[in-house]
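Enquirer: Take a look at work32.txt, compact mmCIF, C-alpha atoms:
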```
# COMPACT_ATOMS: atom_id res chain seq x y z
CA MET G 199 4.54 -0.77 26.56
CA PRO G 200 4.18 -4.56 26.10
CA THR G 201 4.46 -6.22 22.72
CA VAL G 202 2.35 -9.22 21.77
CA VAL G 203 2.98 -11.40 18.70
CA VAL G 204 -0.03 -13.17 17.16
CA THR G 205 0.32 -15.76 14.39
CA GLY G 206 -2.60 -16.53 12.13
CA ALA G 207 -3.73 -12.98 12.90
CA SER G 208 -5.54 -12.27 9.64
CA GLN G 209 -8.85 -13.96 10.55
CA GLY G 210 -10.75 -16.11 13.00
CA ILE G 211 -9.40 -16.56 16.52
CA GLY G 212 -6.14 -14.80 15.69
CA ARG G 213 -7.90 -11.65 14.57
CA ALA G 214 -10.18 -11.76 17.62
CA VAL G 215 -7.16 -12.10 19.92
CA ALA G 216 -5.38 -9.15 18.31
CA GLU G 217 -8.42 -6.87 18.45
CA GLY G 218 -9.22 -8.08 21.96
CA PHE G 219 -5.77 -7.14 23.21
CA ALA G 220 -6.11 -3.72 21.59
CA ARG G 221 -9.45 -3.02 23.31
CA GLU G 222 -8.48 -4.54 26.65
CA CYS G 223 -5.23 -2.69 27.05
CA ALA G 224 -6.71 0.60 25.86
CA ALA G 225 -9.52 0.27 28.40
CA ARG G 226 -6.97 -0.29 31.16
CA GLU G 227 -4.91 2.65 29.89
CA ALA G 228 -2.04 0.26 29.22
CA PRO G 229 -1.78 0.17 25.41
CA VAL G 230 -0.13 -2.81 23.79
CA ARG G 231 1.87 -3.10 20.58
CA LEU G 232 0.78 -5.90 18.28
CA ALA G 233 2.99 -7.78 15.83
CA LEU G 234 0.64 -9.54 13.42
CA LEU G 235 1.84 -12.55 11.44
CA ALA G 236 0.03 -14.36 8.62
CA ARG G 237 0.46 -14.95 4.90
CA SER G 238 -2.00 -12.35 3.61
CA LYS G 239 -0.54 -8.85 3.72
CA ASP G 240 -3.84 -7.21 2.76
CA LYS G 241 -5.83 -9.00 5.46
CA LEU G 242 -3.15 -8.26 8.04
CA GLU G 243 -3.28 -4.56 7.19
CA THR G 244 -7.04 -4.58 7.71
CA VAL G 245 -6.60 -6.16 11.14
CA ALA G 246 -3.77 -3.78 12.03
CA GLU G 247 -5.96 -0.78 11.17
CA ALA G 248 -8.78 -2.18 13.31
CA CYS G 249 -6.38 -2.68 16.22
CA ARG G 250 -5.05 0.84 15.97
CA ALA G 251 -8.60 2.18 15.88
CA ALA G 252 -9.41 0.13 18.98
CA GLY G 253 -6.58 1.76 20.89
CA ALA G 254 -3.47 -0.33 20.32
CA GLY G 255 -0.25 1.53 21.03
CA GLY G 256 1.02 0.15 17.75
CA ALA G 257 0.04 -2.56 15.31
CA ALA G 258 2.26 -3.76 12.48
CA SER G 259 1.96 -6.43 9.83
CA PHE G 260 4.73 -8.96 9.35
CA PRO G 261 3.62 -11.09 6.38
CA CYS G 262 5.00 -14.54 6.96
CA ASP G 263 4.27 -18.15 6.06
CA VAL G 264 4.82 -19.90 9.39
CA THR G 265 5.63 -23.16 7.60
CA ASP G 266 8.73 -21.44 6.18
CA ASP G 267 11.36 -21.64 8.93
CA ASP G 268 13.57 -18.89 7.52
CA ALA G 269 10.59 -16.56 7.14
CA VAL G 270 9.65 -17.07 10.79
CA PHE G 271 13.16 -16.24 12.00
CA ARG G 272 13.28 -13.18 9.75
CA ALA G 273 9.95 -12.01 11.16
CA ALA G 274 11.22 -12.50 14.71
CA GLU G 275 14.29 -10.42 13.93
CA ALA G 276 12.12 -7.69 12.43
CA VAL G 277 9.80 -7.61 15.44
CA GLU G 278 12.67 -7.47 17.93
CA GLU G 279 14.50 -4.83 15.90
CA ARG G 280 11.39 -2.66 15.93
CA TRP G 281 10.08 -3.22 19.47
CA GLY G 282 12.50 -5.46 21.33
CA PRO G 283 11.69 -8.88 22.82
CA PRO G 284 7.95 -9.62 22.88
CA ASP G 285 6.06 -9.92 26.14
CA GLY G 286 3.59 -12.41 24.70
CA VAL G 287 3.56 -14.81 21.76
CA VAL G 288 0.27 -16.37 20.65
CA SER G 289 0.88 -19.42 18.45
CA ASN G 290 -2.49 -19.57 16.77
CA ALA G 291 -1.79 -20.32 13.11
CA GLY G 292 -3.65 -23.44 12.07
CA ARG G 293 -5.37 -25.35 9.33
CA PHE G 294 -8.41 -27.64 9.59
CA GLU G 295 -8.77 -30.42 7.05
CA PRO G 296 -11.22 -33.11 8.17
CA GLY G 297 -10.67 -36.64 7.02
CA THR G 298 -10.75 -40.22 8.23
CA LEU G 299 -7.66 -42.40 8.37
CA SER G 300 -8.58 -44.02 5.07
CA GLU G 301 -9.33 -40.69 3.37
CA THR G 302 -6.29 -38.75 4.58
CA SER G 303 -3.23 -38.91 2.37
CA PRO G 304 0.31 -38.80 3.78
CA GLU G 305 0.70 -35.37 2.19
CA GLN G 306 -2.42 -34.07 3.94
CA PHE G 307 -1.24 -35.49 7.24
CA ARG G 308 2.17 -33.85 6.91
CA ARG G 309 0.56 -30.54 5.93
CA GLN G 310 -1.63 -30.57 9.04
CA VAL G 311 1.34 -31.32 11.25
CA SER G 312 3.39 -28.61 9.54
CA VAL G 313 0.82 -25.87 10.03
CA ASN G 314 -0.67 -26.85 13.38
CA LEU G 315 2.39 -28.20 15.20
CA THR G 316 5.77 -27.65 13.56
CA SER G 317 5.09 -23.96 12.95
CA ALA G 318 4.47 -23.40 16.67
CA PHE G 319 7.74 -25.14 17.48
CA VAL G 320 9.60 -22.85 15.06
CA VAL G 321 7.82 -19.72 16.32
CA THR G 322 8.78 -20.68 19.87
CA LYS G 323 12.40 -21.25 18.83
CA ALA G 324 12.48 -17.86 17.15
CA PHE G 325 11.01 -15.73 19.94
CA LEU G 326 11.74 -17.56 23.19
CA PRO G 327 15.49 -16.92 23.61
CA ALA G 328 15.05 -13.17 23.99
CA MET G 329 12.21 -13.70 26.46
CA THR G 330 14.18 -16.08 28.68
CA GLN G 331 17.19 -13.79 28.53
CA ARG G 332 14.99 -10.96 29.81
CA GLY G 333 13.40 -13.28 32.39
CA SER G 334 9.73 -12.72 31.55
CA GLY G 335 7.09 -13.38 28.92
CA HIS G 336 3.99 -15.39 28.15
CA LEU G 337 3.63 -18.13 25.54
CA PHE G 338 0.13 -19.03 24.37
CA TYR G 339 -0.65 -22.11 22.30
CA VAL G 340 -4.08 -22.34 20.67
CA ALA G 341 -4.74 -26.07 20.47
CA SER G 342 -8.21 -27.60 20.13
CA ILE G 343 -10.64 -29.73 22.04
CA ALA G 344 -9.66 -32.32 19.42
CA ALA G 345 -6.34 -32.61 21.26
CA ARG G 346 -8.19 -33.99 24.29
CA THR G 347 -11.09 -35.89 22.73
CA ALA G 348 -10.51 -38.06 19.66
CA TYR G 349 -13.27 -38.06 17.07
CA ALA G 350 -13.87 -39.82 13.78
CA GLY G 351 -12.73 -37.72 10.83
CA GLY G 352 -9.98 -35.91 12.70
CA ALA G 353 -7.03 -38.16 11.92
CA ALA G 354 -4.50 -35.47 11.02
CA TYR G 355 -5.93 -32.42 12.77
CA GLY G 356 -6.44 -34.13 16.11
CA ALA G 357 -3.00 -35.71 16.06
CA ALA G 358 -1.34 -32.38 15.25
CA LYS G 359 -3.22 -30.49 17.96
CA ALA G 360 -2.47 -33.21 20.52
CA GLY G 361 1.18 -32.80 19.63
CA LEU G 362 0.84 -29.04 20.08
CA ALA G 363 -0.60 -29.52 23.56
CA ASN G 364 2.34 -31.71 24.49
CA LEU G 365 4.78 -29.18 23.06
CA ALA G 366 3.15 -26.53 25.24
CA GLY G 367 3.57 -28.78 28.26
CA VAL G 368 7.25 -29.16 27.53
CA ALA G 369 7.60 -25.40 27.13
CA ARG G 370 5.94 -24.94 30.50
CA GLU G 371 8.32 -27.32 32.26
CA GLU G 372 11.41 -25.90 30.59
CA THR G 373 10.66 -22.19 31.07
CA LYS G 374 8.90 -21.85 34.42
CA SER G 375 12.22 -21.24 36.19
CA GLU G 376 13.05 -18.59 33.57
CA GLY G 377 10.08 -16.35 34.39
CA VAL G 378 8.06 -17.32 31.30
CA ARG G 379 4.42 -18.32 31.66
CA VAL G 380 2.80 -20.85 29.32
CA THR G 381 -0.91 -21.22 28.63
CA THR G 382 -2.58 -23.77 26.35
CA VAL G 383 -6.07 -22.96 25.04
CA PHE G 384 -8.38 -25.81 23.99
CA PRO G 385 -11.33 -24.29 22.08
CA GLY G 386 -14.27 -26.36 20.95
CA ALA G 387 -16.14 -25.53 17.74
CA THR G 388 -15.61 -21.83 17.03
CA ARG G 389 -17.26 -19.94 14.18
CA THR G 390 -14.24 -19.22 12.03
CA PRO G 391 -13.68 -19.49 8.24
CA SER G 392 -12.73 -23.15 8.80
CA TRP G 393 -16.46 -23.82 9.17
CA ASP G 394 -17.53 -21.89 6.07
CA GLY G 395 -20.10 -23.92 4.17
CA THR G 396 -21.50 -25.68 7.22
CA ASP G 397 -25.26 -26.01 7.53
CA ARG G 398 -25.14 -25.67 11.31
CA PRO G 399 -26.46 -22.40 12.74
CA ASP G 400 -24.01 -19.84 14.10
CA GLU G 401 -25.68 -20.15 17.49
CA ARG G 402 -24.25 -23.66 17.78
CA PHE G 403 -20.68 -22.31 17.70
CA MET G 404 -18.62 -20.22 20.07
CA PRO G 405 -17.72 -16.75 18.78
CA PRO G 406 -13.97 -16.14 18.33
CA ALA G 407 -14.23 -13.17 20.69
CA ASP G 408 -15.06 -15.52 23.57
CA VAL G 409 -11.90 -17.54 22.98
CA ALA G 410 -9.91 -14.31 22.83
CA GLU G 411 -11.45 -13.09 26.09
CA ALA G 412 -10.46 -16.31 27.88
CA LEU G 413 -6.91 -16.05 26.59
CA ILE G 414 -6.59 -12.40 27.58
CA GLY G 415 -7.96 -13.26 31.02
CA ALA G 416 -4.94 -15.50 31.56
CA TRP G 417 -2.69 -12.64 30.45
CA ARG G 418 -4.17 -10.33 33.11
CA LEU G 419 -2.82 -12.30 36.06
CA SER G 420 0.27 -11.22 37.95
CA GLY G 421 3.57 -12.89 37.17
CA ARG G 422 3.15 -14.94 40.36
CA SER G 423 0.38 -17.03 38.80
CA VAL G 424 -0.23 -18.86 35.54
CA VAL G 425 -3.30 -20.37 33.91
CA GLU G 426 -1.80 -23.52 32.45
CA GLU G 427 -4.88 -24.67 30.51
CA VAL G 428 -8.13 -23.14 29.30
CA VAL G 429 -10.87 -25.44 27.98
CA LEU G 430 -13.86 -23.93 26.15
CA ARG G 431 -16.82 -25.67 24.57
CA PRO G 432 -20.08 -24.52 23.02
CA GLN G 433 -22.77 -24.38 25.69
CA ALA G 434 -24.74 -27.14 23.92
CA GLY G 435 -21.66 -29.37 23.73
CA ASP G 436 -19.22 -30.49 21.07
CA ILE G 437 -20.07 -30.58 17.40
```
Just dump the structure as structure tokens.

Expert:
Amino acid sequence: MPTVVVTGASQGIGRAVAEGFARECAAREAPVRLALLARSKDKLETVAEACRAAGAGGAASFPCDVTDDDAVFRAAEAVEERWGPPDGVVSNAGRFEPGTLSETSPEQFRRQVSVNLTSAFVVTKAFLPAMTQRGSGHLFYVASIAARTAYAGGAAYGAAKAGLANLAGVAREETKSEGVRVTTVFPGATRTPSWDGTDRPDERFMPPADVAEALIGAWRLSGRSVVEEVVLRPQAGDI
């Protein structure tokens, strides 16, 4: 039974990915075990229960602040002790703080880089060795359309996500001979809690479930193929 790790699993795209894997694998009679990482234990438990109800072969919470290096490595040890090396790792944890260059403080910039980029590097460092030793696995990096198209007001977020996309590219080059696949997902505006308070209608955003479906579609392929990049935008265009 495969094991998939999802960071930022308590809400938004992360929750949709976890629940999507549970439903998909149950429908194909190939249940998956889900290791859910985020800071909120209560929210993680809610997602884990939903995943089990949807047919996951197992779903467990591993409360963890991904900006805490030691906590990430402890979580990786706990996951591998319970279920062995993961078959998939979805680096999805992120934080969106809009701001122009003049408005963004150095502290805000560093915080965005820490959550959106450095955490994915640490998560990769923690889980990848066991995957390469086994000779198989799939790394997913949830970037953003902001990594490809610069926009005013995205000084820190866009820079961090662009760095994440490059990190994913490096991971692809360094692991393709080790049997590990790497997929980078570039979602446009998605209706997650990051957009709470907006006056734009929900219809203008992509639902998180659509992003999850695209990611899981890349997972479905045989080990002989890899979807390197997935780009999604709202039908009416960027916001």

Enquirer: Counting only C-alpha atoms, figure out which residue out of G:Ser423, G:Gly218, G:Met199, G:Gly212 gets nearest to Val230 in chain G.

Expert: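 Of the candidates, the smallest distance to Val230 in chain G is held by G:Met199.
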
Enquirer: Could you list, as a list in words, every residue within 10 Å of range 371-376 of chain G, counting only C-alpha atoms and ignoring same-chain residues fewer than 5 positions away?

Expert: Leu326, Met329, Thr330, Gln331, Arg332, Gly333, Ser334, Gly335, His336, Leu337, Ala366 and Val424 of chain G

Enquirer: G:Arg280, G:Asp268, G:Ala354, G:Gly297: which is nearest Ser317 in chain G, counting only C-alpha atoms?

Expert: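 Nearest to Ser317 in chain G: G:Asp268.
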
Enquirer: For the atom pair CA of Gly421 in chain G and CA of Arg379 in chain G, what is the interatomic distance in Å to one decimal place?

Expert: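 That distance, rounded to one decimal, is 7.8 Å.
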
Enquirer: Report as a ChimeraX atom specification all protein, DNA and RNA residues lying within 12 Å of Arg308 in chain G, evaluated on all atoms listed in the file, omitting residues in the same chain fewer than 2 positions from it.

Expert: /G:265,293,295,302-306,310-317,353-355,357-358

Enquirer: CA of Gly351 in chain G and CA of Phe307 in chain G are how many Å apart?

Expert: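 Spanning CA of Gly351 in chain G to CA of Phe307 in chain G is a straight-line distance of 12.2 Å.
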
Enquirer: Compare G:Ala273, G:Val264, G:Ile211, G:Val204 by their minimum atom-to-atom distance to Gly386 in chain G, counting all atoms listed in the file, and give me the closest one.

Expert: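 Closest candidate: G:Ile211.
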
Enquirer: Pick out the closest residue to Leu362 in chain G from this set: G:Trp393, G:Tyr339, G:Phe260, G:Phe403. Count only C-alpha atoms.

Expert: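 Closest candidate: G:Tyr339.
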
Enquirer: Which distance in Å separates CA of Gly367 in chain G and CA of Thr382 in chain G, to one decimal?

Expert: 8.2 Å

Enquirer: Residues near Ile343 in chain G, anyone? I mean within 6 Å using only C-alpha atoms, not counting same-chain ones fewer than 3 positions away, as a ChimeraX atom specification.

Expert: /G:346,384-386

Enquirer: Measuring atom to atom with only C-alpha atoms, identify which of G:Thr244, G:Val215, G:Pro200, G:Glu278 is nearest to Ala228 in chain G.

Expert: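 Looking only at the distances to Ala228 in chain G, the closest residue turns out to be G:Pro200.
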
Enquirer: Hey, what's within 12 Å of Val288 in chain G if we count all atoms listed in the file and toss same-chain stuff fewer than 3 positions away? As a ChimeraX atom specification, please?

Expert: /G:201-207,211-216,219,232-235,284-285,291-292,317-319,321-322,325-326,335-341,366,379-383,410,413-414,417

Enquirer: Could you check which of G:Gly435, G:Gly415, G:Gly253, G:Gly210 is closest to Asp394 in chain G, using all atoms listed in the file?

Expert: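 When distances to Asp394 in chain G are compared using all atoms listed in the file, the smallest one comes from G:Gly210.
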
Enquirer: From (-14.6, -24.0, 21.5), in the file's coordinates, out to 10 Å: which residues are reached, counting all atoms listed in the file? Answer as a list in words.

Expert: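 Residues found, by chain and rising number: Ser342, Ile343, Ala344, Val383, Phe384, Pro385, Gly386, Ala387, Thr388, Arg389, Phe403, Met404, Pro405, Pro406, Asp408, Val409, Val429, Leu430, Arg431, Pro432, Gln433, Gly435, Asp436 and Ile437 of chain G.
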
Enquirer: Around all the atoms of range 322-338 of chain G listed in the file, with 8 Å of room on each side, what axis-aligned box do you get, giving centre and edge lengths in Å to one decimal, as AutoDock Vina command-line options?

Expert:
```
--center_x 8.7 --center_y -16.1 --center_z 24.8 --size_x 33.1 --size_y 26.3 --size_z 31.2
```
